[in-house]
$ cat input-v5.cif   # mmCIF, C-alpha atoms
data_final
#
loop_
_atom_site.group_PDB
_atom_site.id
_atom_site.type_symbol
_atom_site.label_atom_id
_atom_site.label_comp_id
_atom_site.auth_asym_id
_atom_site.auth_seq_id
_atom_site.Cartn_x
_atom_site.Cartn_y
_atom_site.Cartn_z
ATOM 1 C CA MET A 17 52.047 67.683 55.112
ATOM 2 C CA ARG A 18 53.443 68.187 58.616
ATOM 3 C CA ASN A 19 54.062 65.141 60.817
ATOM 4 C CA ASN A 20 51.168 65.763 63.212
ATOM 5 C CA ASP A 21 48.729 66.374 60.327
ATOM 6 C CA ARG A 22 49.261 62.885 58.828
ATOM 7 C CA ALA A 23 47.053 61.177 61.406
ATOM 8 C CA PHE A 24 44.000 63.214 60.393
ATOM 9 C CA SER A 25 42.120 63.424 57.127
ATOM 10 C CA SER A 26 40.505 66.740 56.270
ATOM 11 C CA SER A 27 37.181 65.544 57.730
ATOM 12 C CA THR A 28 38.620 64.334 61.053
ATOM 13 C CA ARG A 29 41.101 67.106 61.798
ATOM 14 C CA PRO A 30 40.442 68.598 65.261
ATOM 15 C CA LEU A 31 38.752 71.968 65.378
ATOM 16 C CA PRO A 32 40.937 74.878 66.429
ATOM 17 C CA ALA A 33 40.608 75.806 70.108
ATOM 18 C CA ARG A 34 38.185 78.642 70.811
ATOM 19 C CA GLU A 35 38.024 80.868 73.872
ATOM 20 C CA GLN A 36 34.797 80.552 75.876
ATOM 21 C CA THR A 37 32.654 83.644 76.124
ATOM 22 C CA ALA A 38 31.891 85.157 79.535
ATOM 23 C CA GLU A 39 28.294 83.900 79.180
ATOM 24 C CA GLU A 40 29.522 80.344 78.576
ATOM 25 C CA GLN A 41 31.865 80.553 81.567
ATOM 26 C CA TYR A 42 29.623 82.300 84.073
ATOM 27 C CA GLY A 43 26.076 82.052 82.734
ATOM 28 C CA ALA A 44 23.371 79.782 84.084
ATOM 29 C CA PRO A 45 24.092 76.123 83.310
ATOM 30 C CA GLU A 46 22.009 74.409 80.668
ATOM 31 C CA SER A 47 20.196 72.449 83.351
ATOM 32 C CA TYR A 48 20.617 72.669 87.095
ATOM 33 C CA LEU A 49 19.124 71.261 90.270
ATOM 34 C CA GLU A 50 19.879 72.662 93.695
ATOM 35 C CA ILE A 51 18.385 71.013 96.767
ATOM 36 C CA GLU A 52 18.887 72.298 100.284
ATOM 37 C CA VAL A 53 17.521 70.953 103.543
ATOM 38 C CA LYS A 54 17.664 73.650 106.202
ATOM 39 C CA ASN A 55 15.919 75.565 108.992
ATOM 40 C CA PRO A 56 14.994 72.698 111.334
ATOM 41 C CA ILE A 57 12.141 73.584 113.682
ATOM 42 C CA THR A 58 11.144 71.469 116.682
ATOM 43 C CA HIS A 59 7.422 71.436 117.486
ATOM 44 C CA GLY A 60 5.283 70.113 120.350
ATOM 45 C CA VAL A 61 6.053 69.071 123.901
ATOM 46 C CA GLY A 62 6.928 65.858 125.671
ATOM 47 C CA ARG A 63 6.251 62.679 123.719
ATOM 48 C CA LYS A 64 4.595 64.648 120.915
ATOM 49 C CA MET A 65 7.766 66.552 119.982
ATOM 50 C CA TYR A 66 9.118 66.321 116.434
ATOM 51 C CA THR A 67 11.433 68.296 114.151
ATOM 52 C CA ASP A 68 10.657 69.211 110.589
ATOM 53 C CA PHE A 69 12.996 70.562 107.926
ATOM 54 C CA GLU A 70 12.608 73.009 105.065
ATOM 55 C CA ILE A 71 13.350 71.624 101.589
ATOM 56 C CA ILE A 72 14.343 74.327 99.120
ATOM 57 C CA CYS A 73 14.530 73.399 95.457
ATOM 58 C CA ARG A 74 15.829 75.541 92.600
ATOM 59 C CA THR A 75 15.878 73.990 89.140
ATOM 60 C CA ASN A 76 15.159 74.403 85.461
ATOM 61 C CA ILE A 77 14.699 70.678 84.817
ATOM 62 C CA PRO A 78 11.332 70.252 83.057
ATOM 63 C CA MET A 79 10.203 67.325 85.260
ATOM 64 C CA PHE A 80 9.933 69.724 88.200
ATOM 65 C CA LYS A 81 6.769 71.792 88.014
ATOM 66 C CA LEU A 82 8.177 74.832 89.837
ATOM 67 C CA ARG A 83 11.480 76.593 89.229
ATOM 68 C CA GLN A 84 11.743 77.435 92.918
ATOM 69 C CA SER A 85 9.928 75.871 95.844
ATOM 70 C CA SER A 86 10.008 75.517 99.614
ATOM 71 C CA VAL A 87 8.204 72.859 101.672
ATOM 72 C CA ARG A 88 8.584 71.387 105.173
ATOM 73 C CA ARG A 89 8.895 67.645 105.911
ATOM 74 C CA ARG A 90 9.338 65.486 109.006
ATOM 75 C CA TYR A 91 11.810 62.610 109.263
ATOM 76 C CA SER A 92 8.908 60.119 109.278
ATOM 77 C CA GLU A 93 7.800 61.525 105.902
ATOM 78 C CA PHE A 94 11.317 60.996 104.548
ATOM 79 C CA GLU A 95 11.087 57.358 105.739
ATOM 80 C CA TRP A 96 7.787 56.929 103.903
ATOM 81 C CA PHE A 97 9.230 58.638 100.788
ATOM 82 C CA ARG A 98 12.297 56.388 100.715
ATOM 83 C CA ASP A 99 10.117 53.293 101.090
ATOM 84 C CA ARG A 100 7.856 54.501 98.261
ATOM 85 C CA LEU A 101 10.866 55.078 95.950
ATOM 86 C CA GLU A 102 12.077 51.529 96.638
ATOM 87 C CA ARG A 103 8.631 50.165 95.738
ATOM 88 C CA GLU A 104 8.507 52.197 92.525
ATOM 89 C CA THR A 105 11.765 50.923 91.048
ATOM 90 C CA SER A 106 14.099 47.985 91.295
ATOM 91 C CA ARG A 107 16.520 49.537 88.778
ATOM 92 C CA VAL A 108 17.843 52.218 91.153
ATOM 93 C CA THR A 109 19.523 51.621 94.504
ATOM 94 C CA ILE A 110 17.936 54.097 96.891
ATOM 95 C CA PRO A 111 20.498 55.441 99.390
ATOM 96 C CA PRO A 112 19.878 55.076 103.119
ATOM 97 C CA LEU A 113 18.533 57.842 105.315
ATOM 98 C CA PRO A 114 20.487 58.979 108.348
ATOM 99 C CA GLY A 115 19.752 56.532 111.164
ATOM 100 C CA LYS A 116 16.944 56.746 113.687
ATOM 101 C CA VAL A 117 17.976 58.463 116.917
ATOM 102 C CA PHE A 118 16.457 57.341 120.216
ATOM 103 C CA THR A 119 18.385 59.418 122.757
ATOM 104 C CA ASN A 120 19.062 63.152 122.688
ATOM 105 C CA ARG A 121 17.207 63.409 119.369
ATOM 106 C CA PHE A 122 16.474 67.108 119.945
ATOM 107 C CA ASP A 123 20.102 67.968 120.666
ATOM 108 C CA ASP A 124 21.381 70.638 118.241
ATOM 109 C CA GLN A 125 24.226 68.455 116.922
ATOM 110 C CA VAL A 126 21.928 65.446 116.391
ATOM 111 C CA ILE A 127 19.482 67.639 114.447
ATOM 112 C CA GLU A 128 22.325 69.111 112.355
ATOM 113 C CA ASP A 129 23.721 65.650 111.552
ATOM 114 C CA ARG A 130 20.257 64.517 110.497
ATOM 115 C CA ARG A 131 19.750 67.645 108.384
ATOM 116 C CA GLU A 132 23.028 67.014 106.538
ATOM 117 C CA GLY A 133 22.098 63.363 105.936
ATOM 118 C CA LEU A 134 18.628 64.251 104.646
ATOM 119 C CA GLU A 135 20.093 66.861 102.306
ATOM 120 C CA ARG A 136 22.608 64.347 100.917
ATOM 121 C CA PHE A 137 19.828 61.783 100.452
ATOM 122 C CA LEU A 138 17.580 64.227 98.563
ATOM 123 C CA GLN A 139 20.392 65.505 96.354
ATOM 124 C CA ILE A 140 21.147 61.947 95.259
ATOM 125 C CA VAL A 141 17.579 60.803 94.580
ATOM 126 C CA ALA A 142 16.393 64.097 93.024
ATOM 127 C CA GLY A 143 19.417 64.162 90.738
ATOM 128 C CA HIS A 144 18.917 60.628 89.424
ATOM 129 C CA PRO A 145 17.536 60.702 85.852
ATOM 130 C CA LEU A 146 15.564 57.450 86.194
ATOM 131 C CA LEU A 147 13.829 58.723 89.326
ATOM 132 C CA GLN A 148 13.177 62.146 87.777
ATOM 133 C CA THR A 149 11.306 60.545 84.903
ATOM 134 C CA GLY A 150 9.896 57.414 86.530
ATOM 135 C CA SER A 151 8.821 58.338 90.044
ATOM 136 C CA LYS A 152 5.234 59.349 90.728
ATOM 137 C CA VAL A 153 6.107 60.806 94.126
ATOM 138 C CA LEU A 154 9.526 62.495 93.751
ATOM 139 C CA VAL A 155 8.452 65.933 92.515
ATOM 140 C CA ALA A 156 5.438 66.129 94.831
ATOM 141 C CA PHE A 157 7.519 65.264 97.897
ATOM 142 C CA ILE A 158 10.090 67.938 97.065
ATOM 143 C CA GLN A 159 7.773 70.689 95.807
ATOM 144 C CA ASP A 160 4.122 70.288 96.828
ATOM 145 C CA PRO A 161 3.232 72.094 100.083
ATOM 146 C CA ALA A 162 -0.093 70.187 100.143
ATOM 147 C CA PHE A 163 1.681 66.811 99.820
ATOM 148 C CA SER A 164 0.050 63.956 101.727
ATOM 149 C CA LYS A 165 1.112 60.316 101.961
ATOM 150 C CA GLU A 166 -2.498 59.184 101.538
ATOM 151 C CA LYS A 167 -2.611 60.673 98.035
ATOM 152 C CA TYR A 168 0.249 58.357 96.985
ATOM 153 C CA SER A 169 -0.698 55.162 98.798
ATOM 154 C CA TYR A 170 -0.872 52.489 96.114
#

$ encode --input "input-v5.cif" --output "structure tokens"
Amino acid sequence: MRNNDRAFSSSTRPLPAREQTAEEQYGAPESYLEIEVKNPITHGVGRKMYTDFEIICRTNIPMFKLRQSSVRRRYSEFEWFRDRLERETSRVTIPPLPGKVFTNRFDDQVIEDRREGLERFLQIVAGHPLLQTGSKVLVAFIQDPAFSKEKYSY
């Protein structure tokens, strides 16, 4: 027996290294979730102005009803969504949203900063296994174009 073989019995000896196939290296991952927040559009005039954002989701995780989806949401809907997630679970710390902006809120850089913060927020909450399986509102908020807060007010 060689020196380095003494530490292993025949049932615990490490398997010989094997090269990965091209499919294993470059194929679709076993499960994936991609969330993007993009294409901000500002609507209205004067005091009735608001910006909404497109949420694009691509996934093969079974909890999500659609493999690919695109919906639009306003910041106020993200606030409601975050509050609802906090009410649904005390076992998960829900990350903060980007802060409220009171001046220059329609400035391009302010909108871009908010978009980045909303994307980060959604990637964290959508990727959390306890929220994927335990939230009643997560999938609908991310994927349902007919989503309404009233439907989930409990």

$ resolve_selection --input "input-v5.cif" --expression "the PyMOL selection byres ((chain A and resi 104) around 12)" --output "mmCIF file with C-alpha atoms, in the coordinates of the input"
data_model
loop_
_atom_site.group_PDB
_atom_site.id
_atom_site.type_symbol
_atom_site.label_atom_id
_atom_site.label_comp_id
_atom_site.auth_asym_id
_atom_site.auth_seq_id
_atom_site.Cartn_x
_atom_site.Cartn_y
_atom_site.Cartn_z
ATOM 1 C CA PHE A 97 9.230 58.638 100.788
ATOM 2 C CA ARG A 98 12.297 56.388 100.715
ATOM 3 C CA ASP A 99 10.117 53.293 101.090
ATOM 4 C CA ARG A 100 7.856 54.501 98.261
ATOM 5 C CA LEU A 101 10.866 55.078 95.950
ATOM 6 C CA GLU A 102 12.077 51.529 96.638
ATOM 7 C CA ARG A 103 8.631 50.165 95.738
ATOM 8 C CA THR A 105 11.765 50.923 91.048
ATOM 9 C CA SER A 106 14.099 47.985 91.295
ATOM 10 C CA ARG A 107 16.520 49.537 88.778
ATOM 11 C CA VAL A 108 17.843 52.218 91.153
ATOM 12 C CA THR A 109 19.523 51.621 94.504
ATOM 13 C CA ILE A 110 17.936 54.097 96.891
ATOM 14 C CA LEU A 146 15.564 57.450 86.194
ATOM 15 C CA LEU A 147 13.829 58.723 89.326
ATOM 16 C CA GLN A 148 13.177 62.146 87.777
ATOM 17 C CA THR A 149 11.306 60.545 84.903
ATOM 18 C CA GLY A 150 9.896 57.414 86.530
ATOM 19 C CA SER A 151 8.821 58.338 90.044
ATOM 20 C CA LYS A 152 5.234 59.349 90.728
ATOM 21 C CA VAL A 153 6.107 60.806 94.126
ATOM 22 C CA LEU A 154 9.526 62.495 93.751
ATOM 23 C CA TYR A 168 0.249 58.357 96.985
ATOM 24 C CA SER A 169 -0.698 55.162 98.798
ATOM 25 C CA TYR A 170 -0.872 52.489 96.114
#

$ resolve_selection --input "input-v5.cif" --expression "the PyMOL selection byres ((chain A and resi 127) around 12)" --output "PyMOL selection string"
chain A and resi 53-58+66-69+90-91+114-117+119-126+128-134

$ atom_distance --input "input-v5.cif" --atom1 "atom CA of Pro112 of chain A" --atom2 "atom CA of Gly143 of chain A"
15.4 Å

$ atom_distance --input "input-v5.cif" --atom1 "atom CA of Phe137 of chain A" --atom2 "atom CA of Lys167 of chain A"
22.6 Å

$ atom_distance --input "input-v5.cif" --atom1 "atom CA of His59 of chain A" --atom2 "atom CA of Arg74 of chain A"
26.6 Å

$ closest_residue --input "input-v5.cif" --among "A:Ala38, A:Met65, A:Leu138, A:Val155" --to "Arg83 of chain A" --atoms "only C-alpha atoms"
A:Val155

$ resolve_selection --input "input-v5.cif" --expression "the PyMOL selection byres ((chain A and resi 86) around 12)" --output "PyMOL selection string"
chain A and resi 50-55+69-74+82-85+87-89+156-162

$ closest_residue --input "input-v5.cif" --among "A:Phe163, A:Phe94, A:Phe118, A:Tyr48" --to "Ile77 of chain A" --atoms "all atoms listed in the file"
A:Tyr48

$ closest_residue --input "input-v5.cif" --among "A:Ser92, A:Glu135, A:Leu49, A:Arg63" --to "Asn76 of chain A" --atoms "all atoms listed in the file"
A:Leu49

$ closest_residue --input "input-v5.cif" --among "A:Ser47, A:Glu93, A:Leu113, A:Arg136" --to "Phe80 of chain A" --atoms "only C-alpha atoms"
A:Ser47

$ axis_aligned_box --input "input-v5.cif" --around "segment 137-152 of chain A" --padding-each-side "5 Å" --output "lines of an AutoDock Vina configuration file"
center_x = 13.2
center_y = 61.5
center_z = 92.7
size_x = 25.9
size_y = 18.1
size_z = 25.5

$ decode --input "input-v5.cif" --residues "segment 112-150 of chain A" --atoms "C-alpha atoms" --output "mmCIF file, in the first residue's frame"
data_model
loop_
_atom_site.group_PDB
_atom_site.id
_atom_site.type_symbol
_atom_site.label_atom_id
_atom_site.label_comp_id
_atom_site.auth_asym_id
_atom_site.auth_seq_id
_atom_site.Cartn_x
_atom_site.Cartn_y
_atom_site.Cartn_z
ATOM 1 C CA PRO A 112 -34.700 47.836 2.480
ATOM 2 C CA LEU A 113 -35.844 49.549 -0.688
ATOM 3 C CA PRO A 114 -33.887 52.472 -2.081
ATOM 4 C CA GLY A 115 -34.938 55.574 -0.151
ATOM 5 C CA LYS A 116 -37.791 57.912 -0.984
ATOM 6 C CA VAL A 117 -36.702 60.904 -3.059
ATOM 7 C CA PHE A 118 -38.423 64.259 -2.575
ATOM 8 C CA THR A 119 -36.387 66.559 -4.823
ATOM 9 C CA ASN A 120 -35.357 65.984 -8.431
ATOM 10 C CA ARG A 121 -37.075 62.583 -8.360
ATOM 11 C CA PHE A 122 -37.472 62.588 -12.155
ATOM 12 C CA ASP A 123 -33.803 63.339 -12.784
ATOM 13 C CA ASP A 124 -32.202 60.615 -14.943
ATOM 14 C CA GLN A 125 -29.537 59.752 -12.345
ATOM 15 C CA VAL A 126 -32.091 59.557 -9.508
ATOM 16 C CA ILE A 127 -34.258 57.211 -11.600
ATOM 17 C CA GLU A 128 -31.223 55.058 -12.488
ATOM 18 C CA ASP A 129 -30.138 54.824 -8.836
ATOM 19 C CA ARG A 130 -33.659 53.789 -7.873
ATOM 20 C CA ARG A 131 -33.801 51.228 -10.689
ATOM 21 C CA GLU A 132 -30.542 49.640 -9.502
ATOM 22 C CA GLY A 133 -31.794 49.528 -5.900
ATOM 23 C CA LEU A 134 -35.122 47.970 -6.894
ATOM 24 C CA GLU A 135 -33.344 45.348 -8.991
ATOM 25 C CA ARG A 136 -31.036 44.448 -6.085
ATOM 26 C CA PHE A 137 -34.031 44.232 -3.739
ATOM 27 C CA LEU A 138 -35.978 41.913 -6.068
ATOM 28 C CA GLN A 139 -32.990 39.671 -6.751
ATOM 29 C CA ILE A 140 -32.542 39.135 -3.018
ATOM 30 C CA VAL A 141 -36.179 38.468 -2.108
ATOM 31 C CA ALA A 142 -36.999 36.403 -5.230
ATOM 32 C CA GLY A 143 -33.912 34.269 -4.688
ATOM 33 C CA HIS A 144 -34.703 33.456 -1.057
ATOM 34 C CA PRO A 145 -35.959 29.852 -0.728
ATOM 35 C CA LEU A 146 -38.240 30.570 2.250
ATOM 36 C CA LEU A 147 -39.943 33.405 0.380
ATOM 37 C CA GLN A 148 -40.220 31.353 -2.822
ATOM 38 C CA THR A 149 -42.143 28.659 -0.989
ATOM 39 C CA GLY A 150 -43.894 30.654 1.731
#
